[in-house]
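**Student:** Just so it is clear, I am handing over model-v7.csv, which has CSV, C-alpha atoms.
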chain,number,residue,atom,x,y,z
U,1,MET,CA,0.0,0.0,0.0
U,2,LYS,CA,1.4,3.3,-1.1
U,3,ILE,CA,1.4,6.1,1.6
U,4,SER,CA,1.2,9.6,0.4
U,5,ILE,CA,3.4,11.8,2.5
U,6,LYS,CA,2.3,15.3,1.4
U,7,PRO,CA,-1.2,15.2,3.1
U,8,LEU,CA,0.4,14.1,6.3
U,9,LEU,CA,3.0,16.8,6.6
U,10,PRO,CA,0.8,19.7,8.0
U,11,GLY,CA,-0.5,17.6,10.8
U,12,VAL,CA,2.8,16.0,11.6
U,13,ILE,CA,4.6,19.3,11.6
U,14,ALA,CA,1.9,20.9,13.8
U,15,ALA,CA,2.3,18.0,16.3
U,16,PHE,CA,6.1,18.3,16.3
U,17,PHE,CA,5.8,22.1,16.8
U,18,VAL,CA,3.6,21.6,19.8
U,19,THR,CA,6.0,18.9,21.2
U,20,VAL,CA,9.0,21.2,20.9
U,21,MET,CA,7.0,24.0,22.7
U,22,ALA,CA,6.1,21.5,25.4
U,23,LYS,CA,9.6,20.4,26.0
U,24,MET,CA,10.9,24.0,26.1
U,25,VAL,CA,8.2,25.0,28.6
U,26,SER,CA,8.8,21.9,30.7
U,27,SER,CA,12.5,22.9,31.1
U,28,TYR,CA,11.3,25.9,33.0
U,29,ILE,CA,8.1,24.5,34.6
U,30,ALA,CA,8.8,21.1,36.1
U,31,ILE,CA,5.1,20.3,36.7
U,32,GLY,CA,3.5,17.7,34.5
U,33,GLY,CA,6.4,17.0,32.2
U,34,PRO,CA,6.6,17.3,28.4
U,35,ALA,CA,3.9,14.7,27.8
U,36,THR,CA,1.2,16.4,29.9
U,37,LEU,CA,2.1,19.8,28.6
U,38,ALA,CA,2.1,18.5,25.0
U,39,ILE,CA,-1.5,17.3,25.3
U,40,LEU,CA,-2.6,20.5,27.1
U,41,LEU,CA,-0.9,22.7,24.5
U,42,GLY,CA,-2.3,20.5,21.7
U,43,ILE,CA,-5.8,21.0,23.1
U,44,LEU,CA,-5.2,24.8,23.3
U,45,PHE,CA,-3.9,25.2,19.7
U,46,GLY,CA,-6.2,22.5,18.2
U,47,ASN,CA,-9.3,24.4,19.4
U,48,THR,CA,-8.0,27.8,18.3
U,49,VAL,CA,-5.3,28.7,15.7
U,50,LEU,CA,-4.7,25.2,14.5
U,51,LYS,CA,-8.3,24.1,14.1
U,52,HIS,CA,-8.4,23.2,10.5
U,53,GLN,CA,-9.1,20.1,8.4
U,54,ILE,CA,-5.7,20.3,6.7
U,55,PHE,CA,-4.1,19.0,9.9
U,56,ASN,CA,-6.4,16.0,10.3
U,57,LYS,CA,-4.6,13.3,8.3
U,58,GLY,CA,-1.2,14.1,9.8
U,59,THR,CA,-2.4,14.3,13.4
U,60,LYS,CA,-4.3,11.0,13.0
U,61,PHE,CA,-1.2,9.4,11.6
U,62,SER,CA,0.9,10.8,14.5
U,63,GLU,CA,-1.5,9.7,17.3
U,64,SER,CA,-1.8,6.2,16.0
U,65,LYS,CA,1.5,5.1,14.3
U,66,LEU,CA,3.8,7.0,16.6
U,67,LEU,CA,2.2,5.6,19.7
U,68,GLU,CA,2.5,2.1,18.3
U,69,CYS,CA,6.2,2.7,17.6
U,70,SER,CA,6.6,4.1,21.1
U,71,VAL,CA,5.2,0.8,22.5
U,72,VAL,CA,7.8,-1.2,20.6
U,73,LEU,CA,10.7,1.0,21.8
U,74,LEU,CA,9.6,0.4,25.4
U,75,GLY,CA,11.0,-3.1,25.1
U,76,PHE,CA,14.5,-1.8,25.0
U,77,THR,CA,14.2,-0.4,28.5
U,78,VAL,CA,12.8,-3.5,30.2
U,79,THR,CA,14.3,-6.8,31.3
U,80,PHE,CA,12.9,-9.7,33.2
U,81,GLN,CA,15.9,-9.7,35.6
U,82,THR,CA,15.0,-6.4,37.2
U,83,ILE,CA,11.8,-7.9,38.7
U,84,SER,CA,13.9,-10.1,41.1
U,85,GLN,CA,15.0,-7.0,43.0
U,86,MET,CA,11.5,-6.4,44.2
U,87,GLY,CA,11.1,-9.9,45.7
U,88,ILE,CA,8.1,-12.2,45.5
U,89,ASN,CA,5.9,-9.8,47.5
U,90,GLY,CA,6.6,-7.0,45.2
U,91,VAL,CA,5.8,-9.0,42.1
U,92,GLY,CA,2.6,-10.3,43.8
U,93,TYR,CA,1.6,-6.8,44.7
U,94,ILE,CA,1.9,-5.7,41.1
U,95,PHE,CA,-0.1,-8.6,39.6
U,96,LEU,CA,-2.9,-8.4,42.2
U,97,ASN,CA,-3.1,-4.6,42.1
U,98,MET,CA,-3.2,-4.6,38.3
U,99,SER,CA,-5.9,-7.3,38.2
U,100,ILE,CA,-8.1,-5.5,40.6
U,101,VAL,CA,-7.6,-2.1,39.0
U,102,LEU,CA,-8.3,-3.5,35.5
U,103,ILE,CA,-11.5,-5.3,36.6
U,104,GLY,CA,-12.7,-2.5,38.9
U,105,THR,CA,-12.1,0.3,36.4
U,106,TYR,CA,-13.8,-1.6,33.6
U,107,PHE,CA,-17.0,-2.3,35.6
U,108,LEU,CA,-17.0,1.2,37.1
U,109,GLY,CA,-16.9,2.6,33.6
U,110,ARG,CA,-19.7,0.4,32.4
U,111,ARG,CA,-21.7,1.3,35.5
U,112,ILE,CA,-21.3,5.1,34.9
U,113,GLY,CA,-22.4,4.7,31.3
U,114,PHE,CA,-19.2,4.3,29.2
U,115,ASN,CA,-19.1,1.7,26.4
U,116,ASP,CA,-16.8,-1.4,26.5
U,117,GLU,CA,-14.1,0.2,24.4
U,118,MET,CA,-13.7,3.4,26.6
U,119,SER,CA,-13.9,1.4,29.8
U,120,LEU,CA,-11.2,-1.0,28.7
U,121,MET,CA,-8.9,1.8,27.5
U,122,MET,CA,-9.4,3.5,30.8
U,123,ALA,CA,-8.7,0.3,32.7
U,124,GLY,CA,-5.6,-0.5,30.7
U,125,GLY,CA,-4.3,3.1,30.8
U,126,ASN,CA,-4.5,3.2,34.5
U,127,ALA,CA,-3.4,-0.3,35.3
U,128,VAL,CA,-0.4,-0.4,32.9
U,129,CYS,CA,1.3,2.6,31.4
U,130,GLY,CA,-1.0,5.4,30.5
U,131,SER,CA,-0.9,6.6,26.9
U,132,SER,CA,1.3,3.8,25.6
U,133,ALA,CA,-1.1,1.1,27.0
U,134,ILE,CA,-4.1,3.0,25.4
U,135,GLY,CA,-2.2,3.2,22.2
U,136,ALA,CA,-1.7,-0.6,22.2
U,137,ILE,CA,-5.3,-1.4,23.3
U,138,ALA,CA,-7.2,1.0,21.1
U,139,PRO,CA,-6.6,-0.6,17.7
U,140,ALA,CA,-6.8,-4.1,19.1
U,141,ILE,CA,-10.4,-3.5,20.2
U,142,HIS,CA,-11.2,-1.2,17.3
U,143,ALA,CA,-11.9,1.9,19.4
U,144,LYS,CA,-12.8,5.1,17.7
U,145,ASP,CA,-10.3,7.9,17.4
U,146,ASP,CA,-12.3,10.4,19.4
U,147,GLU,CA,-12.9,7.8,22.2
U,148,LYS,CA,-9.2,7.2,22.4
U,149,GLY,CA,-8.4,10.9,22.5
U,150,GLN,CA,-10.9,11.5,25.3
U,151,ILE,CA,-9.6,8.6,27.4
U,152,VAL,CA,-5.9,9.5,26.8
U,153,THR,CA,-6.7,13.1,28.0
U,154,LEU,CA,-8.6,11.8,31.0
U,155,VAL,CA,-5.8,9.4,32.0
U,156,ASN,CA,-3.2,12.1,31.6
U,157,LEU,CA,-5.1,14.7,33.6
U,158,LEU,CA,-5.8,12.1,36.3
U,159,GLY,CA,-2.1,11.1,36.3
U,160,THR,CA,-1.0,14.7,36.7
U,161,VAL,CA,-3.2,15.1,39.8
U,162,MET,CA,-1.9,11.9,41.3
U,163,MET,CA,1.7,12.8,40.4
U,164,LEU,CA,1.4,16.0,42.4
U,165,THR,CA,-0.4,14.4,45.4
U,166,LEU,CA,0.9,10.9,45.9
U,167,PRO,CA,4.5,11.7,46.8
U,168,PHE,CA,3.3,13.7,49.8
U,169,LEU,CA,0.8,11.0,50.8
U,170,ALA,CA,3.5,8.3,50.4
U,171,THR,CA,5.9,10.3,52.6
U,172,ALA,CA,3.3,11.0,55.3
U,173,LEU,CA,2.2,7.3,55.4
U,174,PHE,CA,5.5,5.5,55.0
U,175,GLN,CA,8.1,8.0,56.1
U,176,ASP,CA,11.4,6.1,55.7
U,177,ALA,CA,10.0,2.9,54.2
U,178,LEU,CA,11.7,3.1,50.8
U,179,MET,CA,10.0,0.1,49.1
U,180,SER,CA,6.5,1.1,50.4
U,181,LYS,CA,6.8,4.6,48.9
U,182,SER,CA,8.3,3.1,45.7
U,183,ALA,CA,5.5,0.5,45.4
U,184,LEU,CA,2.8,3.2,45.8
U,185,LEU,CA,4.2,5.5,43.2
U,186,GLY,CA,5.5,2.9,40.7
U,187,GLY,CA,2.3,0.8,41.1
U,188,THR,CA,-0.2,3.5,40.5
U,189,LEU,CA,1.1,6.4,38.5
U,190,GLN,CA,0.1,6.1,34.8
U,191,SER,CA,3.1,7.0,32.6
U,192,VAL,CA,6.8,6.5,33.0
U,193,GLY,CA,7.3,10.3,33.1
U,194,GLN,CA,4.8,10.7,35.9
U,195,VAL,CA,6.6,8.0,37.9
U,196,VAL,CA,9.9,9.6,37.5
U,197,ALA,CA,8.6,13.1,38.3
U,198,GLY,CA,6.5,12.0,41.3
U,199,ALA,CA,9.3,9.8,42.8
U,200,SER,CA,11.8,12.6,42.3
U,201,LEU,CA,9.7,14.7,44.7
U,202,VAL,CA,10.6,12.0,47.3
U,203,SER,CA,14.2,10.9,46.7
U,204,GLU,CA,16.6,9.5,44.0
U,205,GLU,CA,16.4,6.0,45.6
U,206,THR,CA,12.6,6.1,45.3
U,207,VAL,CA,12.9,6.9,41.6
U,208,LYS,CA,15.1,3.8,41.1
U,209,PHE,CA,12.8,1.3,42.9
U,210,ALA,CA,9.5,3.0,41.7
U,211,MET,CA,10.8,2.4,38.1
U,212,LEU,CA,11.2,-1.3,38.9
U,213,TYR,CA,7.6,-1.6,39.8
U,214,LYS,CA,6.6,0.5,36.8
U,215,MET,CA,8.6,-1.7,34.4
U,216,THR,CA,7.0,-4.8,35.8
U,217,ARG,CA,3.6,-3.3,34.9
U,218,ILE,CA,4.8,-2.4,31.4
U,219,MET,CA,5.9,-6.0,30.9
U,220,CYS,CA,2.3,-7.1,31.5
U,221,LEU,CA,1.1,-5.0,28.6
U,222,VAL,CA,0.9,-7.9,26.2
U,223,PHE,CA,-1.4,-9.8,28.5
U,224,VAL,CA,-3.6,-6.8,29.1
U,225,VAL,CA,-4.1,-6.2,25.4
U,226,TYR,CA,-5.0,-9.8,24.8
U,227,ALA,CA,-7.5,-9.7,27.7
U,228,CYS,CA,-9.1,-6.5,26.5
U,229,LYS,CA,-9.4,-7.9,23.0
U,230,LYS,CA,-11.1,-11.1,24.3
U,231,VAL,CA,-13.7,-9.0,26.2
U,232,VAL,CA,-14.7,-7.0,23.2
U,233,PHE,CA,-14.9,-9.9,20.7
U,234,LYS,CA,-16.7,-12.1,23.2
U,235,LYS,CA,-19.4,-9.5,23.6
U,236,HIS,CA,-19.8,-8.3,20.0
U,237,HIS,CA,-18.8,-11.2,17.8
U,238,SER,CA,-19.7,-14.8,17.3
U,239,PRO,CA,-16.9,-17.4,17.6
U,240,ILE,CA,-17.0,-18.0,13.9
U,241,VAL,CA,-16.4,-14.3,13.1
U,242,VAL,CA,-13.5,-14.2,15.7
U,243,GLN,CA,-11.7,-17.1,14.0
U,244,LYS,CA,-12.2,-15.5,10.6
U,245,ARG,CA,-10.9,-12.1,11.6
U,246,GLN,CA,-8.2,-13.2,14.0
U,247,THR,CA,-5.2,-15.2,12.8
U,248,PHE,CA,-3.2,-14.0,15.8
U,249,PRO,CA,-4.7,-12.3,18.9
U,250,ILE,CA,-1.9,-9.8,19.6
U,251,PRO,CA,-1.1,-6.7,17.4
U,252,TRP,CA,2.4,-6.7,15.7
U,253,TYR,CA,3.8,-3.8,17.8
U,254,VAL,CA,2.9,-5.6,21.1
U,255,CYS,CA,4.6,-8.8,19.9
U,256,LEU,CA,7.7,-6.8,18.8
U,257,PHE,CA,7.7,-5.2,22.2
U,258,LEU,CA,7.8,-8.6,23.9
U,259,LEU,CA,10.4,-9.9,21.6
U,260,ILE,CA,12.8,-7.0,22.2
U,261,CYS,CA,12.2,-7.4,25.9
U,262,LEU,CA,13.1,-11.1,25.7
U,263,ILE,CA,16.3,-10.3,23.8
U,264,ASN,CA,17.2,-7.6,26.3
U,265,SER,CA,16.6,-10.1,29.1
U,266,THR,CA,18.7,-12.9,27.6
U,267,ILE,CA,21.6,-11.7,25.5
U,268,GLY,CA,21.4,-8.0,26.3
U,269,ILE,CA,21.2,-4.9,24.1
U,270,LEU,CA,24.0,-2.5,23.8
U,271,PRO,CA,23.5,0.6,26.1
U,272,VAL,CA,23.8,3.0,23.1
U,273,PHE,CA,20.7,1.3,21.5
U,274,VAL,CA,18.8,1.4,24.8
U,275,SER,CA,19.5,5.1,25.4
U,276,SER,CA,18.6,5.8,21.7
U,277,ALA,CA,15.4,3.8,21.9
U,278,LYS,CA,14.4,5.6,25.1
U,279,PHE,CA,15.1,9.0,23.5
U,280,VAL,CA,13.1,8.2,20.4
U,281,SER,CA,10.3,6.6,22.3
U,282,SER,CA,9.9,9.7,24.5
U,283,TRP,CA,9.7,11.9,21.4
U,284,PHE,CA,7.3,9.6,19.6
U,285,GLU,CA,5.0,9.4,22.6
U,286,THR,CA,5.0,13.2,23.2
U,287,ILE,CA,4.4,14.0,19.5
U,288,ALA,CA,1.5,11.5,19.6
U,289,LEU,CA,0.1,13.1,22.7
U,290,ALA,CA,0.4,16.5,21.0
U,291,ALA,CA,-1.5,15.1,18.0
U,292,ILE,CA,-4.2,13.7,20.2
U,293,GLY,CA,-4.6,17.1,21.9
U,294,LEU,CA,-4.8,18.8,18.5
U,295,ARG,CA,-7.6,16.4,17.4
U,296,LEU,CA,-9.6,16.7,20.6
U,297,ASP,CA,-12.7,18.8,20.2
U,298,ILE,CA,-12.9,20.5,23.6
U,299,LYS,CA,-16.6,21.4,23.1
U,300,LYS,CA,-17.5,17.7,22.7
U,301,PHE,CA,-15.3,16.7,25.6
U,302,LEU,CA,-16.7,19.3,27.9
U,303,LYS,CA,-20.2,18.2,26.9
U,304,GLU,CA,-19.4,14.9,28.6
U,305,GLY,CA,-17.6,16.8,31.5
U,306,PRO,CA,-19.4,15.7,34.6
U,307,LYS,CA,-19.4,12.0,33.6
U,308,PHE,CA,-15.7,12.1,32.7
U,309,ALA,CA,-14.8,13.9,36.0
U,310,ILE,CA,-16.7,11.4,38.1
U,311,TYR,CA,-15.1,8.5,36.3
U,312,GLY,CA,-11.6,9.9,36.6
U,313,LEU,CA,-11.8,10.8,40.3
U,314,SER,CA,-13.5,7.6,41.2
U,315,VAL,CA,-10.8,5.5,39.4
U,316,GLY,CA,-8.0,7.5,41.0
U,317,LEU,CA,-9.4,7.1,44.5
U,318,PHE,CA,-10.1,3.4,43.9
U,319,GLN,CA,-6.6,2.8,42.5
U,320,VAL,CA,-4.8,4.4,45.5
U,321,VAL,CA,-7.0,2.7,48.1
U,322,ILE,CA,-6.4,-0.7,46.5
U,323,ALA,CA,-2.6,-0.1,46.3
U,324,LEU,CA,-2.4,1.0,49.9
U,325,PHE,CA,-4.4,-2.0,51.0
U,326,ILE,CA,-2.2,-4.5,49.2
U,327,ILE,CA,1.0,-2.8,50.3
U,328,PHE,CA,0.0,-3.2,53.9
U,329,LEU,CA,-1.3,-6.7,53.3
U,330,PHE,CA,1.9,-7.9,51.7
U,331,HIS,CA,4.1,-6.1,54.2
U,332,ILE,CA,6.1,-4.3,51.6
U,333,ARG,CA,8.7,-2.3,53.5
Render the structure in this file as C-alpha cells.
**Tutor:**
Amino acid sequence: MKISIKPLLPGVIAAFFVTVMAKMVSSYIAIGGPATLAILLGILFGNTVLKHQIFNKGTKFSESKLLECSVVLLGFTVTFQTISQMGINGVGYIFLNMSIVLIGTYFLGRRIGFNDEMSLMMAGGNAVCGSSAIGAIAPAIHAKDDEKGQIVTLVNLLGTVMMLTLPFLATALFQDALMSKSALLGGTLQSVGQVVAGASLVSEETVKFAMLYKMTRIMCLVFVVYACKKVVFKKHHSPIVVQKRQTFPIPWYVCLFLLICLINSTIGILPVFVSSAKFVSSWFETIALAAIGLRLDIKKFLKEGPKFAIYGLSVGLFQVVIALFIIFLFHIR
C-alpha cells in the first residue's frame, strides 16, 4: 500500500511544533512534564489557531502510528531480571493490584455509562502505562479515534493530579520505608514520566525502585491487550467471526515489544541502543500526545464533562486505596 506523505505533513509538523514547545516549557516549569504539557498545548492550539481540516490526516497518523512505535521501543528499556530486585511480595503486589484495577475500572466505567471500548482503555491506561497502553489497546479493540483521544486526555489529567499528590501521601504514610513509597508510586502512576517526576519529589532512591515496579507493569502490557481484545470480541462477535478475523490475537507492535524485551533479558542490548530507543520513544509518545490534543474537540469533551470527571476521580481514588491495602497486606517495606 502506497502512503502519500504530502497530506500528512501539515498535521505531523503541527504536532512536532507543539511537542517542541512543550519540551521547552517543561524545562522551566517542572510540573507535569513534556507529555502532559504536549496534550494540554495541543488542546489549546487545536481548538484555536490550528483548528483546520488540513491537519487532520497528519495528526491522525501521528497519534496512531507513533504511539505504536513508542510501545515497541519500550521493550529496549525493560528486562525480566529487574523484577527479582522487588522480591516475591513486590511481584505479587503488582499482579494483584493490576488485576483489581483492571476489573474494577472496567466495571465502574460500564456502571457510569461508558461503552466497553472506553472502559477497557481507561482500565488498561491506569493499570499499565498510560498513553502507551491505550495506544496498544485502542486498535486491538477497534476503538474510535475520538474515544481514544478522550480517554488519553482523562488518563493524563488524572495522572497529573496523582503525580502531584501521591509523593506527599507516600511520605506521610510510610516516612522512611523506601519500598513502600516506591510501590505506591510505581504501582499507581500512569506514565513513566509521571513515575519519575513523582518519585523525584521524594528521593533518588525512590525513583530507582519505583521504576522497577513500573517496568513490571509495562511487561504485562501484552497480556492486558489480549484480555481486552477477548472481552470485546466475546461480547460483540460470534466465535466463527472471531476465527475468521483473527489469525493471531496480539497486534504486531505488542509482539515486537515482547520480543525485544526477551532479547534484552537474555543476550542483552548495547546501552547505546537502549538510550537511543528511550530518547526516540519519548519523542514519539510526546508527539502522539500533542496530536491527540490537536484532534480533541474540547466542546465535545466538555459536553461529557461531569461524567468524565466522576469516572476519573473515582478511578484515581479506587486505585490508590487498593494499592495501599495490598502494600499493607503484603508487608512491603
**Student:** Considering all atoms listed in the file, give me a table of residues in range 301-320 of chain U that are at most 10 Å from range 112-131 of chain U, with the closest atom pair and distance in Å for each, as a tab-separated table.
**Tutor:**
residue	atom	partner	partner_atom	distance
U:Lys307	CA	U:Ile112	CA	7.3
U:Phe308	CA	U:Ile112	CA	9.2
U:Ile310	CA	U:Ile112	CA	8.4
U:Tyr311	CA	U:Ile112	CA	7.2
U:Gly312	CA	U:Met122	CA	8.9
U:Val315	CA	U:Asn126	CA	8.3
U:Gly316	CA	U:Asn126	CA	8.5
U:Gln319	CA	U:Asn126	CA	8.3
**Student:** Can you measure CA of Lys299 in chain U to CA of Gln53 in chain U for me? One decimal in Å is fine.
**Tutor:**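 We find that CA of Lys299 in chain U and CA of Gln53 in chain U lie 16.6 Å from each other.
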**Student:** Between U:Thr77, U:Thr286, U:Val196, U:Pro139, which one has atoms that come closest to Val272 in chain U, using all atoms listed in the file?
**Tutor:** U:Thr77
**Student:** Rank U:Ile332, U:Leu289, U:Leu8, U:Val202 by their smallest atom-to-atom distance to Ile151 in chain U, using only C-alpha atoms, and report the top residue only.
**Tutor:**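 Looking at the shortest contact to Ile151 in chain U, the residue is U:Leu289.
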**Student:** Of the candidates U:Met215, U:Ala38, U:Ile29, U:Ile267, which one gets nearest to Ala15 in chain U if we count only C-alpha atoms?
**Tutor:**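 Nearest candidate to Ala15 in chain U out of U:Met215, U:Ala38, U:Ile29, U:Ile267: U:Ala38.
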**Student:** Find, counting all atoms listed in the file, the residue in U:Leu9, U:Leu184, U:Asn47, U:Gln81 that gets nearest to Phe325 in chain U.
**Tutor:**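 Under the stated criterion, the closest residue is U:Leu184.
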**Student:** Quick one: pull the distance between CA of Val20 in chain U and CA of Gly159 in chain U, Å, one decimal.
**Tutor:**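 Straight-line distance from CA of Val20 in chain U to CA of Gly159 in chain U works out to 21.5 Å.
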**Student:** One decimal, in Å: what's the spacing between CA of Ser265 in chain U and CA of Ile218 in chain U?
**Tutor:**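 Going from CA of Ser265 in chain U over to CA of Ile218 in chain U, I get 14.3 Å.
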**Student:** Quick one: residues within 7 Å of Gly42 in chain U, all atoms listed in the file counted, chain neighbours fewer than 6 positions away excluded, as JSON, numbers by chain?
**Tutor:** {"U": [18, 290, 291, 293, 294]}
**Student:** Since the input is missing atoms, can you rebuild N, CA, C and O atoms for range 50-68 of chain U and write them as an mmCIF file, in the coordinates of the input?
**Tutor:**
data_model
loop_
_atom_site.group_PDB
_atom_site.id
_atom_site.type_symbol
_atom_site.label_atom_id
_atom_site.label_comp_id
_atom_site.auth_asym_id
_atom_site.auth_seq_id
_atom_site.Cartn_x
_atom_site.Cartn_y
_atom_site.Cartn_z
ATOM 1 N N LEU U 50 -4.959 26.321 15.312
ATOM 2 C CA LEU U 50 -4.700 25.200 14.500
ATOM 3 C C LEU U 50 -5.900 24.293 14.217
ATOM 4 O O LEU U 50 -5.783 23.115 13.880
ATOM 5 N N LYS U 51 -7.070 24.884 14.374
ATOM 6 C CA LYS U 51 -8.300 24.100 14.100
ATOM 7 C C LYS U 51 -8.682 24.229 12.674
ATOM 8 O O LYS U 51 -9.393 25.137 12.233
ATOM 9 N N HIS U 52 -8.165 23.251 11.891
ATOM 10 C CA HIS U 52 -8.400 23.200 10.500
ATOM 11 C C HIS U 52 -8.288 21.799 9.949
ATOM 12 O O HIS U 52 -7.478 21.018 10.438
ATOM 13 N N GLN U 53 -9.080 21.476 8.939
ATOM 14 C CA GLN U 53 -9.100 20.100 8.400
ATOM 15 C C GLN U 53 -7.773 19.706 7.769
ATOM 16 O O GLN U 53 -7.489 18.510 7.640
ATOM 17 N N ILE U 54 -6.955 20.664 7.369
ATOM 18 C CA ILE U 54 -5.700 20.300 6.700
ATOM 19 C C ILE U 54 -4.747 19.557 7.640
ATOM 20 O O ILE U 54 -3.863 18.835 7.188
ATOM 21 N N PHE U 55 -4.962 19.675 8.950
ATOM 22 C CA PHE U 55 -4.100 19.000 9.900
ATOM 23 C C PHE U 55 -4.598 17.583 10.267
ATOM 24 O O PHE U 55 -3.882 16.812 10.907
ATOM 25 N N ASN U 56 -5.807 17.245 9.860
ATOM 26 C CA ASN U 56 -6.400 16.000 10.300
ATOM 27 C C ASN U 56 -5.679 14.740 10.016
ATOM 28 O O ASN U 56 -5.481 13.880 10.879
ATOM 29 N N LYS U 57 -5.277 14.572 8.747
ATOM 30 C CA LYS U 57 -4.600 13.300 8.300
ATOM 31 C C LYS U 57 -3.276 13.147 9.052
ATOM 32 O O LYS U 57 -2.926 12.048 9.499
ATOM 33 N N GLY U 58 -2.524 14.224 9.178
ATOM 34 C CA GLY U 58 -1.200 14.100 9.800
ATOM 35 C C GLY U 58 -1.301 13.892 11.313
ATOM 36 O O GLY U 58 -0.524 13.118 11.869
ATOM 37 N N THR U 59 -2.263 14.531 11.957
ATOM 38 C CA THR U 59 -2.400 14.300 13.400
ATOM 39 C C THR U 59 -2.945 12.910 13.690
ATOM 40 O O THR U 59 -2.571 12.280 14.673
ATOM 41 N N LYS U 60 -3.824 12.403 12.805
ATOM 42 C CA LYS U 60 -4.300 11.000 13.000
ATOM 43 C C LYS U 60 -3.187 10.032 12.813
ATOM 44 O O LYS U 60 -3.080 9.063 13.578
ATOM 45 N N PHE U 61 -2.326 10.258 11.829
ATOM 46 C CA PHE U 61 -1.200 9.400 11.600
ATOM 47 C C PHE U 61 -0.238 9.439 12.850
ATOM 48 O O PHE U 61 0.239 8.408 13.337
ATOM 49 N N SER U 62 0.005 10.634 13.355
ATOM 50 C CA SER U 62 0.900 10.800 14.500
ATOM 51 C C SER U 62 0.388 10.122 15.749
ATOM 52 O O SER U 62 1.120 9.452 16.460
ATOM 53 N N GLU U 63 -0.907 10.278 16.014
ATOM 54 C CA GLU U 63 -1.500 9.700 17.300
ATOM 55 C C GLU U 63 -1.540 8.205 17.228
ATOM 56 O O GLU U 63 -1.462 7.553 18.273
ATOM 57 N N SER U 64 -1.653 7.606 16.054
ATOM 58 C CA SER U 64 -1.800 6.200 16.000
ATOM 59 C C SER U 64 -0.440 5.471 15.769
ATOM 60 O O SER U 64 0.010 4.675 16.607
ATOM 61 N N LYS U 65 0.236 5.788 14.696
ATOM 62 C CA LYS U 65 1.500 5.100 14.300
ATOM 63 C C LYS U 65 2.621 5.385 15.277
ATOM 64 O O LYS U 65 3.420 4.498 15.607
ATOM 65 N N LEU U 66 2.736 6.624 15.717
ATOM 66 C CA LEU U 66 3.800 7.000 16.600
ATOM 67 C C LEU U 66 3.661 6.356 17.993
ATOM 68 O O LEU U 66 4.627 5.969 18.647
ATOM 69 N N LEU U 67 2.422 6.256 18.453
ATOM 70 C CA LEU U 67 2.200 5.600 19.700
ATOM 71 C C LEU U 67 2.504 4.092 19.633
ATOM 72 O O LEU U 67 3.045 3.495 20.565
ATOM 73 N N GLU U 68 2.190 3.486 18.496
ATOM 74 C CA GLU U 68 2.500 2.100 18.300
ATOM 75 C C GLU U 68 4.035 1.875 18.313
ATOM 76 O O GLU U 68 4.545 0.938 18.938
#
